[in-house]
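Taking it in order: structure first as structure tokens, then the write-up.
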Amino acid sequence: MGGDAGPEAVIAGAAISRVRHPRSRFIFHGDETVLAPLLRRKRRLAKHAEIRHAPDVVKMGEKPSQALRRGRNSSMWRAIESVAKGEAQVVVSCGNTGALMAMSMVQLRIIEGVSRPAIAAIWPTMRAQSVVLDVGANAGCDAEQLVDFAVMGEAFARAIFGIERPSVGLLNIGEEEVKGIESVKRAAQILRASHLPIEFRGFIEGDDIGTGLVDVVVTDGFTGNVALKTAEGTAKLVAHFLRAALTRSIFGKLGAILAGGALRTLRKKMDPRSVNGGTFLGLNGAVVKSHGGTDALGFASALDLAVDLGQSDVIARIAADRAGIATKLENGVGKPAASGQAQAAAS
């Protein structure tokens, strides 16, 4: 029931995704008087879907604490509950991000050893695609949280991309070991000494994200969210400049006609709807957050991601890898050197 386009985009997106994934089934939670007429228009989808009436809706501007207190009869709470009860494998929502995270943490619980969940986004690159996390759940992070994100992002990349040994990089202001804030430098120390099945590449810079230098980019939620919004804005700027150049003169319009196929391919690659959907990692259940302003095609992309998650063992992988990290930390891996050792190294 959330998002700018409401249930129309959700039902239409599910119909598109059902064609791509013929074995998928859907449970729609929300106002039955609104959902039923929409579902009847999609006869093929209706055969593989059910509606569960939920009278309340979490508003987009509602605080997470308010949603938790008053939202037990909401479509969002009921949808998460269906995953907690094992009736569905993944929950997908266009609604209030903060409320979705809060309700998911209460009902699904955090994986043992993980300090905080993170939102992972799939990022198109020159090479293929990368995973970037966190992109908004945690504004500030300590070293252990960044290590958690690396473990979760690596497991996610293995499950979704099918990469046996994904490469991981920590987003920093430079590649040199002496650069960056203390939490980022210590996270790198822990990852280098952990001996996990992670190909840790050290520090990467912002311009390395788009080149696809690593499969997993780890950062705090504040920096990740700024990077994500900056990339989206840059894509819109490039599209604006390109459109203006191709319509400025008769020669530009002729060139656009001749290059029509290439321009359509470019438009498709730059379309944010094709990579819509952020995954909440670190929970004992799969949750996908769709962009609130997306349409049916964008919501279908979020559902495609949900299907991949439902067929993967990413949660079990995260739990196992995090347990290994916990053992290393207990044994002192990655702890800062004593002051005397630090002075000797500096001299």
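Ligands are numbered from 1 in the order shown, residues from 1 within each chain, and chains are lettered A, B, ... in the order they appear in the structure tokens.
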Find the spatial neighbours of Gly285 of chain A, counting only C-alpha atoms, within a cut-off of 9 Å - ignore same-chain residues fewer than 5 positions away - and output them as a JSON list (two decimals) with C-alpha atoms, in the first residue's frame.
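Written file, around05.json:
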```json
[["chain", "number", "residue", "atom", "x", "y", "z"],
["A", 80, "ILE", "CA", 6.80, -9.07, 7.45],
["A", 83, "VAL", "CA", 7.95, -14.15, 6.41],
["A", 84, "ALA", "CA", 8.50, -14.56, 10.16],
["A", 89, "GLN", "CA", 10.42, -16.38, 1.77],
["A", 90, "VAL", "CA", 10.83, -12.64, 1.15],
["A", 91, "VAL", "CA", 8.95, -9.43, 1.92],
["A", 104, "SER", "CA", 11.75, -6.17, 10.41],
["A", 108, "LEU", "CA", 12.73, -11.23, 12.18],
["A", 109, "ARG", "CA", 15.48, -10.41, 14.70],
["A", 110, "ILE", "CA", 19.13, -9.73, 13.92],
["A", 280, "PHE", "CA", 18.22, -5.48, 4.34],
["A", 315, "ILE", "CA", 21.33, -15.72, 5.54]]
```
> Which of segment 141-296 of chain A counts as alpha helix (DSSP H) under DSSP, as a PyMOL selection string please?
Replying inline: chain A and resi 143-161+182-193+207-211+221-247+250-258+260-270+296
>> Which of segment 72-191 of chain A end up as strand (DSSP E or B) when DSSP is run on this backbone - answer as a PyMOL selection string?
In response: chain A and resi 74+90-93+110+118-124+129-133+167-171
Output all heavy atoms for every residue in the selection just made, as a compact mmCIF listing (two decimals), in the first residue's frame.
```
# COMPACT_ATOMS: atom_id res chain seq x y z
N SER A 74 -1.17 -3.04 10.18
CA SER A 74 -0.82 -2.43 8.89
C SER A 74 -0.40 -3.50 7.89
O SER A 74 -0.01 -4.61 8.24
CB SER A 74 0.31 -1.42 9.07
OG SER A 74 1.51 -2.08 9.43
N VAL A 90 10.31 -14.00 1.22
CA VAL A 90 10.83 -12.64 1.15
C VAL A 90 9.68 -11.65 1.25
O VAL A 90 8.59 -11.91 0.72
CB VAL A 90 11.59 -12.37 -0.18
CG1 VAL A 90 12.38 -11.07 -0.12
CG2 VAL A 90 12.50 -13.53 -0.54
N VAL A 91 9.92 -10.52 1.91
CA VAL A 91 8.95 -9.43 1.92
C VAL A 91 9.50 -8.29 1.07
O VAL A 91 10.70 -7.98 1.13
CB VAL A 91 8.64 -8.94 3.35
CG1 VAL A 91 9.89 -8.48 4.08
CG2 VAL A 91 7.62 -7.81 3.34
N VAL A 92 8.64 -7.68 0.26
CA VAL A 92 9.03 -6.56 -0.59
C VAL A 92 8.08 -5.40 -0.32
O VAL A 92 6.86 -5.60 -0.29
CB VAL A 92 8.97 -6.93 -2.09
CG1 VAL A 92 9.52 -5.78 -2.95
CG2 VAL A 92 9.74 -8.21 -2.37
N SER A 93 8.63 -4.20 -0.12
CA SER A 93 7.79 -3.05 0.20
C SER A 93 8.31 -1.79 -0.46
O SER A 93 9.52 -1.59 -0.58
CB SER A 93 7.74 -2.84 1.73
OG SER A 93 7.05 -1.65 2.06
N ILE A 110 17.83 -9.87 14.55
CA ILE A 110 19.13 -9.73 13.92
C ILE A 110 19.91 -11.03 14.07
O ILE A 110 19.82 -11.70 15.10
CB ILE A 110 19.91 -8.55 14.55
CG1 ILE A 110 19.11 -7.25 14.42
CG2 ILE A 110 21.27 -8.39 13.91
CD1 ILE A 110 19.74 -6.07 15.14
N ALA A 118 22.25 -3.73 7.55
CA ALA A 118 22.66 -2.73 6.57
C ALA A 118 21.78 -2.86 5.33
O ALA A 118 21.19 -3.91 5.09
CB ALA A 118 24.13 -2.93 6.19
N ILE A 119 21.69 -1.78 4.57
CA ILE A 119 20.96 -1.81 3.31
C ILE A 119 21.98 -1.94 2.18
O ILE A 119 22.87 -1.10 2.04
CB ILE A 119 20.12 -0.54 3.11
CG1 ILE A 119 19.13 -0.35 4.27
CG2 ILE A 119 19.36 -0.62 1.78
CD1 ILE A 119 18.33 0.93 4.18
N ALA A 120 21.85 -3.00 1.41
CA ALA A 120 22.77 -3.26 0.29
C ALA A 120 22.07 -2.93 -1.03
O ALA A 120 20.93 -3.33 -1.26
CB ALA A 120 23.21 -4.72 0.29
N ALA A 121 22.76 -2.19 -1.88
CA ALA A 121 22.23 -1.82 -3.19
C ALA A 121 23.10 -2.45 -4.28
O ALA A 121 24.32 -2.55 -4.13
CB ALA A 121 22.21 -0.31 -3.36
N ILE A 122 22.46 -2.87 -5.36
CA ILE A 122 23.20 -3.36 -6.53
C ILE A 122 23.51 -2.18 -7.43
O ILE A 122 22.62 -1.42 -7.81
CB ILE A 122 22.38 -4.43 -7.27
CG1 ILE A 122 22.20 -5.66 -6.38
CG2 ILE A 122 23.07 -4.82 -8.58
CD1 ILE A 122 21.36 -6.76 -7.01
N TRP A 123 24.78 -2.03 -7.77
CA TRP A 123 25.28 -0.83 -8.46
C TRP A 123 25.81 -1.22 -9.83
O TRP A 123 26.71 -2.05 -9.94
CB TRP A 123 26.42 -0.24 -7.62
CG TRP A 123 26.76 1.18 -7.85
CD1 TRP A 123 27.27 1.73 -8.97
CD2 TRP A 123 26.65 2.24 -6.89
NE1 TRP A 123 27.49 3.07 -8.80
CE2 TRP A 123 27.12 3.42 -7.52
CE3 TRP A 123 26.21 2.32 -5.57
CZ2 TRP A 123 27.17 4.64 -6.87
CZ3 TRP A 123 26.26 3.55 -4.93
CH2 TRP A 123 26.72 4.69 -5.58
N PRO A 124 25.30 -0.66 -10.92
CA PRO A 124 25.85 -0.96 -12.25
C PRO A 124 27.24 -0.37 -12.40
O PRO A 124 27.52 0.75 -11.95
CB PRO A 124 24.85 -0.29 -13.20
CG PRO A 124 24.19 0.78 -12.39
CD PRO A 124 24.16 0.28 -10.98
N GLN A 129 28.26 -5.65 -12.26
CA GLN A 129 27.52 -5.05 -11.16
C GLN A 129 28.29 -5.26 -9.87
O GLN A 129 29.02 -6.24 -9.72
CB GLN A 129 26.12 -5.66 -11.02
CG GLN A 129 25.17 -5.29 -12.15
CD GLN A 129 23.80 -5.94 -11.98
OE1 GLN A 129 23.70 -7.10 -11.58
NE2 GLN A 129 22.75 -5.20 -12.27
N SER A 130 28.10 -4.33 -8.93
CA SER A 130 28.71 -4.44 -7.62
C SER A 130 27.65 -4.30 -6.54
O SER A 130 26.55 -3.80 -6.81
CB SER A 130 29.79 -3.37 -7.42
OG SER A 130 30.86 -3.55 -8.31
N VAL A 131 28.00 -4.73 -5.34
CA VAL A 131 27.16 -4.53 -4.17
C VAL A 131 27.76 -3.40 -3.35
O VAL A 131 28.97 -3.41 -3.06
CB VAL A 131 27.08 -5.81 -3.31
CG1 VAL A 131 26.25 -5.56 -2.05
CG2 VAL A 131 26.48 -6.94 -4.11
N VAL A 132 26.96 -2.42 -2.96
CA VAL A 132 27.42 -1.32 -2.12
C VAL A 132 26.58 -1.32 -0.85
O VAL A 132 25.35 -1.34 -0.91
CB VAL A 132 27.29 0.04 -2.83
CG1 VAL A 132 27.80 1.16 -1.93
CG2 VAL A 132 28.06 0.04 -4.15
N LEU A 133 27.24 -1.32 0.30
CA LEU A 133 26.54 -1.25 1.58
C LEU A 133 27.45 -0.62 2.62
O LEU A 133 28.66 -0.74 2.50
CB LEU A 133 26.10 -2.64 2.04
CG LEU A 133 27.13 -3.64 2.60
CD1 LEU A 133 26.42 -4.79 3.30
CD2 LEU A 133 28.07 -4.18 1.56
N SER A 167 35.45 -10.04 -4.49
CA SER A 167 36.44 -9.10 -3.97
C SER A 167 35.74 -8.00 -3.19
O SER A 167 34.64 -7.58 -3.53
CB SER A 167 37.26 -8.51 -5.12
OG SER A 167 36.41 -7.89 -6.07
N VAL A 168 36.38 -7.55 -2.12
CA VAL A 168 35.80 -6.57 -1.20
C VAL A 168 36.75 -5.40 -1.03
O VAL A 168 37.97 -5.59 -0.88
CB VAL A 168 35.51 -7.21 0.18
CG1 VAL A 168 34.94 -6.18 1.15
CG2 VAL A 168 34.56 -8.39 0.04
N GLY A 169 36.21 -4.19 -1.04
CA GLY A 169 37.01 -2.99 -0.80
C GLY A 169 36.33 -2.07 0.19
O GLY A 169 35.11 -1.99 0.24
N LEU A 170 37.11 -1.38 1.00
CA LEU A 170 36.60 -0.38 1.93
C LEU A 170 36.69 1.00 1.28
O LEU A 170 37.77 1.40 0.82
CB LEU A 170 37.41 -0.38 3.23
CG LEU A 170 37.10 -1.46 4.26
CD1 LEU A 170 38.17 -1.46 5.35
CD2 LEU A 170 35.73 -1.25 4.88
N LEU A 171 35.57 1.71 1.21
CA LEU A 171 35.56 3.04 0.61
C LEU A 171 36.32 4.02 1.51
O LEU A 171 36.04 4.12 2.71
CB LEU A 171 34.13 3.51 0.40
CG LEU A 171 33.93 4.77 -0.43
CD1 LEU A 171 34.46 4.60 -1.84
CD2 LEU A 171 32.45 5.15 -0.47
```
Taking a cut-off of 7 Å and counting only C-alpha atoms, can you build a table that, for each residue of segment 86-161 of chain A near segment 220-244 of chain A, reports the nearest atom pair and how far apart they are in Å (one decimal), sorted by chain then residue number, as a tab-separated table?
```
residue	atom	partner	partner_atom	distance
A:Leu133	CA	A:Gly224	CA	6.6
A:Asp134	CA	A:Gly221	CA	4.6
A:Val135	CA	A:Gly224	CA	4.2
A:Gly136	CA	A:Gly221	CA	4.1
A:Ala137	CA	A:Gly221	CA	5.5
A:Asn138	CA	A:Gly221	CA	4.6
A:Ala139	CA	A:Phe222	CA	4.4
A:Gly140	CA	A:Asp220	CA	5.9
A:Cys141	CA	A:Asp220	CA	5.7
```
I'd like the neighbourhood of segment 37-48 of chain A as an mmCIF file with N, CA, C and O atoms, in the first residue's frame, where a residue qualifies if any of its atoms comes within 8 Å (using only C-alpha atoms), though same-chain residues fewer than 3 positions away should be ignored.
```cif
data_model
loop_
_atom_site.group_PDB
_atom_site.id
_atom_site.type_symbol
_atom_site.label_atom_id
_atom_site.label_comp_id
_atom_site.auth_asym_id
_atom_site.auth_seq_id
_atom_site.Cartn_x
_atom_site.Cartn_y
_atom_site.Cartn_z
ATOM 1 N N GLU A 8 -1.303 -0.027 -7.452
ATOM 2 C CA GLU A 8 -1.344 -0.241 -8.906
ATOM 3 C C GLU A 8 0.012 -0.714 -9.427
ATOM 4 O O GLU A 8 0.098 -1.666 -10.221
ATOM 5 N N ILE A 11 0.826 -4.435 -8.034
ATOM 6 C CA ILE A 11 0.127 -5.515 -8.737
ATOM 7 C C ILE A 11 0.664 -5.672 -10.156
ATOM 8 O O ILE A 11 0.933 -6.787 -10.627
ATOM 9 N N ALA A 12 0.828 -4.565 -10.865
ATOM 10 C CA ALA A 12 1.340 -4.622 -12.238
ATOM 11 C C ALA A 12 2.763 -5.152 -12.276
ATOM 12 O O ALA A 12 3.136 -5.929 -13.167
ATOM 13 N N ALA A 14 4.099 -7.201 -10.083
ATOM 14 C CA ALA A 14 4.041 -8.631 -9.783
ATOM 15 C C ALA A 14 3.650 -9.437 -11.023
ATOM 16 O O ALA A 14 4.158 -10.543 -11.247
ATOM 17 N N ALA A 15 2.760 -8.881 -11.835
ATOM 18 C CA ALA A 15 2.352 -9.567 -13.073
ATOM 19 C C ALA A 15 3.543 -9.716 -14.021
ATOM 20 O O ALA A 15 3.710 -10.756 -14.667
ATOM 21 N N ARG A 18 5.943 -12.340 -12.499
ATOM 22 C CA ARG A 18 5.396 -13.703 -12.569
ATOM 23 C C ARG A 18 5.700 -14.354 -13.914
ATOM 24 O O ARG A 18 5.954 -15.562 -13.995
ATOM 25 N N SER A 24 6.841 -18.561 -9.049
ATOM 26 C CA SER A 24 6.645 -17.675 -7.900
ATOM 27 C C SER A 24 5.165 -17.514 -7.556
ATOM 28 O O SER A 24 4.289 -17.632 -8.408
ATOM 29 N N ARG A 25 4.902 -17.269 -6.277
ATOM 30 C CA ARG A 25 3.552 -16.996 -5.783
ATOM 31 C C ARG A 25 3.606 -15.736 -4.923
ATOM 32 O O ARG A 25 4.647 -15.385 -4.380
ATOM 33 N N PHE A 26 2.451 -15.072 -4.768
ATOM 34 C CA PHE A 26 2.422 -13.788 -4.087
ATOM 35 C C PHE A 26 1.308 -13.732 -3.043
ATOM 36 O O PHE A 26 0.226 -14.275 -3.255
ATOM 37 N N THR A 33 -10.558 -4.076 -0.494
ATOM 38 C CA THR A 33 -11.462 -3.392 -1.422
ATOM 39 C C THR A 33 -10.696 -2.683 -2.527
ATOM 40 O O THR A 33 -11.238 -2.445 -3.614
ATOM 41 N N VAL A 34 -9.440 -2.339 -2.261
ATOM 42 C CA VAL A 34 -8.591 -1.697 -3.273
ATOM 43 C C VAL A 34 -7.846 -2.741 -4.099
ATOM 44 O O VAL A 34 -7.747 -2.631 -5.326
#
```
> Within 12 Å of Lys185 of chain A, counting only C-alpha atoms, which residues qualify if same-chain residues fewer than 2 places away don't, as an NGL selection string?
Replying inline: :A and (142-144 or 146-147 or 169-183 or 187-192 or 202-203 or 219 or 334-336)
